[in-house]
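Data from model.pdb: PDB, C-alpha atoms, pLDDT in the B column
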```pdb
MODEL        1
ATOM      1  CA  MET C1033       0.000   0.000   0.000  1.00 43.00           C
ATOM      2  CA  ALA C1034       1.358   3.451  -0.944  1.00 47.00           C
ATOM      3  CA  GLN C1035       2.217   5.921   1.786  1.00 48.00           C
ATOM      4  CA  ASN C1036       1.071   9.519   1.891  1.00 44.00           C
ATOM      5  CA  ARG C1037       4.181  11.550   1.091  1.00 47.00           C
ATOM      6  CA  GLY C1038       5.061  15.001  -0.123  1.00 46.00           C
ATOM      7  CA  PRO C1039       2.566  17.716  -1.020  1.00 50.00           C
ATOM      8  CA  LEU C1040      -0.275  15.223  -1.464  1.00 47.00           C
ATOM      9  CA  ARG C1041      -0.204  14.203   2.202  1.00 53.00           C
ATOM     10  CA  GLY C1042      -3.609  14.867   3.747  1.00 60.00           C
ATOM     11  CA  ASN C1043      -5.506  14.788   0.441  1.00 75.00           C
ATOM     12  CA  LYS C1044      -7.361  11.628   1.446  1.00 82.00           C
ATOM     13  CA  THR C1045      -8.667  13.238   4.628  1.00 83.00           C
ATOM     14  CA  PHE C1046      -9.523  16.454   2.788  1.00 82.00           C
ATOM     15  CA  SER C1047     -11.327  14.494   0.072  1.00 84.00           C
ATOM     16  CA  LYS C1048     -13.251  12.417   2.608  1.00 88.00           C
ATOM     17  CA  THR C1049     -14.217  15.560   4.500  1.00 87.00           C
ATOM     18  CA  MET C1050     -15.508  17.250   1.339  1.00 87.00           C
ATOM     19  CA  ARG C1051     -17.514  14.152   0.384  1.00 90.00           C
ATOM     20  CA  LYS C1052     -18.994  13.931   3.890  1.00 91.00           C
ATOM     21  CA  MET C1053     -19.893  17.638   3.830  1.00 90.00           C
ATOM     22  CA  LEU C1054     -21.575  17.274   0.444  1.00 90.00           C
ATOM     23  CA  GLY C1055     -23.512  14.241   1.680  1.00 93.00           C
ATOM     24  CA  GLN C1056     -24.484  16.060   4.865  1.00 92.00           C
ATOM     25  CA  PHE C1057     -25.708  19.010   2.797  1.00 90.00           C
ATOM     26  CA  ALA C1058     -27.808  16.747   0.565  1.00 93.00           C
ATOM     27  CA  LYS C1059     -29.259  14.998   3.605  1.00 93.00           C
ATOM     28  CA  THR C1060     -29.916  17.943   5.935  1.00 91.00           C
ATOM     29  CA  GLY C1061     -29.404  21.173   3.972  1.00 89.00           C
ATOM     30  CA  ASN C1062     -26.442  22.034   6.226  1.00 90.00           C
ATOM     31  CA  PRO C1063     -22.932  20.843   5.291  1.00 90.00           C
ATOM     32  CA  SER C1064     -21.557  21.182   8.862  1.00 91.00           C
ATOM     33  CA  LEU C1065     -20.073  17.990  10.291  1.00 91.00           C
ATOM     34  CA  PRO C1066     -20.234  16.937  13.934  1.00 91.00           C
ATOM     35  CA  LYS C1067     -17.030  15.330  15.198  1.00 89.00           C
ATOM     36  CA  ASP C1068     -18.560  11.832  15.326  1.00 91.00           C
ATOM     37  CA  ILE C1069     -18.907  11.691  11.513  1.00 89.00           C
ATOM     38  CA  SER C1070     -15.981  13.924  10.550  1.00 87.00           C
ATOM     39  CA  PRO C1071     -13.113  11.919   8.975  1.00 86.00           C
ATOM     40  CA  ASN C1072     -10.504  13.482  11.271  1.00 84.00           C
ATOM     41  CA  GLY C1073     -12.738  13.706  14.362  1.00 87.00           C
ATOM     42  CA  LYS C1074     -12.886  17.520  14.310  1.00 86.00           C
ATOM     43  CA  VAL C1075     -16.070  19.550  14.095  1.00 87.00           C
ATOM     44  CA  LYS C1076     -16.486  21.315  10.745  1.00 86.00           C
ATOM     45  CA  GLU C1077     -18.896  24.206  11.266  1.00 87.00           C
ATOM     46  CA  TRP C1078     -20.119  25.846   8.075  1.00 85.00           C
ATOM     47  CA  THR C1079     -21.425  29.210   9.209  1.00 84.00           C
ATOM     48  CA  LEU C1080     -24.158  30.949   7.275  1.00 83.00           C
ATOM     49  CA  TYR C1081     -23.098  33.959   5.258  1.00 82.00           C
ATOM     50  CA  ASP C1082     -24.625  37.234   6.384  1.00 84.00           C
ATOM     51  CA  LEU C1083     -23.886  40.827   5.448  1.00 86.00           C
ATOM     52  CA  LYS C1084     -22.812  41.756   8.988  1.00 87.00           C
ATOM     53  CA  ASP C1085     -20.140  39.124   9.735  1.00 84.00           C
ATOM     54  CA  LYS C1086     -19.369  38.022   6.163  1.00 85.00           C
ATOM     55  CA  HIS C1087     -17.891  34.630   7.045  1.00 85.00           C
ATOM     56  CA  VAL C1088     -16.688  32.524   4.128  1.00 84.00           C
ATOM     57  CA  MET C1089     -15.398  28.975   4.062  1.00 84.00           C
ATOM     58  CA  VAL C1090     -11.679  28.579   3.491  1.00 83.00           C
ATOM     59  CA  PHE C1091     -10.576  25.284   1.987  1.00 80.00           C
ATOM     60  CA  GLY C1092      -6.965  25.321   3.105  1.00 74.00           C
ATOM     61  CA  GLU C1093      -4.225  22.846   2.444  1.00 69.00           C
ATOM     62  CA  PHE C1094      -4.664  21.155   5.818  1.00 71.00           C
ATOM     63  CA  ASP C1095      -8.087  22.240   7.093  1.00 75.00           C
ATOM     64  CA  ILE C1096     -11.510  23.636   6.320  1.00 81.00           C
ATOM     65  CA  ARG C1097     -12.568  26.622   8.394  1.00 83.00           C
ATOM     66  CA  ALA C1098     -14.741  29.722   8.435  1.00 84.00           C
ATOM     67  CA  GLU C1099     -13.060  33.134   8.427  1.00 86.00           C
ATOM     68  CA  LYS C1100     -14.183  36.697   8.026  1.00 87.00           C
ATOM     69  CA  GLU C1101     -13.962  37.726   4.415  1.00 81.00           C
ATOM     70  CA  SER C1102     -12.038  40.872   5.376  1.00 79.00           C
ATOM     71  CA  ASP C1103      -9.345  38.831   7.185  1.00 83.00           C
ATOM     72  CA  ILE C1104      -8.278  36.809   4.159  1.00 77.00           C
ATOM     73  CA  HIS C1105      -7.244  37.410   0.572  1.00 66.00           C
ATOM     74  CA  ILE C1106      -9.796  35.745  -1.664  1.00 64.00           C
ATOM     75  CA  VAL C1107      -7.494  36.059  -4.683  1.00 64.00           C
ATOM     76  CA  ASP C1108      -3.774  36.563  -4.417  1.00 60.00           C
ATOM     77  CA  TRP C1109      -3.219  38.805  -7.423  1.00 58.00           C
ATOM     78  CA  ASN C1110       0.547  38.748  -6.905  1.00 60.00           C
ATOM     79  CA  ARG C1111       0.537  35.046  -7.746  1.00 59.00           C
ATOM     80  CA  THR C1112      -2.196  35.011 -10.401  1.00 58.00           C
ATOM     81  CA  TYR C1113      -1.549  38.237 -12.325  1.00 58.00           C
ATOM     82  CA  PHE C1114       0.573  36.500 -14.942  1.00 59.00           C
ATOM     83  CA  MET C1115      -2.501  34.519 -16.033  1.00 55.00           C
ATOM     84  CA  THR C1116      -4.303  37.699 -17.118  1.00 57.00           C
ATOM     85  CA  ILE C1117      -2.013  37.900 -20.128  1.00 58.00           C
ATOM     86  CA  TYR C1118      -3.540  34.669 -21.412  1.00 57.00           C
ATOM     87  CA  TYR C1119      -7.149  34.910 -20.239  1.00 57.00           C
ATOM     88  CA  VAL C1120      -8.086  38.590 -20.165  1.00 53.00           C
ATOM     89  CA  ARG C1121      -8.034  40.564 -23.355  1.00 52.00           C
TER
ENDMDL
END
```

Encoding of this model in structure tokens:
Amino acid sequence: MAQNRGPLRGNKTFSKTMRKMLGQFAKTGNPSLPKDISPNGKVKEWTLYDLKDKHVMVFGEFDIRAEKESDIHIVDWNRTYFMTIYYVR
């Protein structure tokens, strides 16, 4: 059996978590996961978006979490600007 190594380490847990959240959403209308069904045993709370708090879900390399929209960079233009040459005319 292959070991999880390098940058792909954790992808199985991330993938399982996303599948569980999608299934939970289809079943209940809320993708939040209690710790008893979460693949890594951690609660995944998907907060509702409202205009006051503006929480968005961040799908990070090692976790899924809610953060205020103003506290994060949705798009890192310093890393993606070069793509505009090819896609924006």

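The interatomic distance for the pair CA of Ile1104 (chain C) and CA of Lys1067 (chain C) works out to 25.7 Å.
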
| request: Apply the PyMOL selection byres ((chain C and resi 1091) around 12) to the displayed file and report the matching residues as JSON, numbers by chain. | output: {"C": [1043, 1046, 1047, 1049, 1050, 1076, 1078, 1088, 1089, 1090, 1092, 1093, 1094, 1095, 1096, 1097, 1098, 1099, 1104, 1106]}

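Distances here use all atoms listed in the file; by that measure, the residue among C:Ser1070, C:Glu1077, C:Lys1100, C:His1087 closest to Thr1045 (chain C) is C:Ser1070.
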
| query | If the PyMOL selection byres ((chain C and resi 1066) around 12) is run on the structure shown, which residues does it catch, given as a ChimeraX atom specification? | reply | /C:1049,1052-1053,1056,1062-1065,1067-1078

With 4 Å added on each side, what axis-aligned box encloses every listed atom of region 1043-1046 of chain C? Give the centre and edge lengths in Å to one decimal, as AutoDock Vina command-line options.
```
--center_x -7.5 --center_y 14.0 --center_z 2.5 --size_x 12.0 --size_y 12.8 --size_z 12.2
```

| remark: Here CA of Lys1059 (chain C) and CA of Asp1082 (chain C) stand apart by 22.9 Å
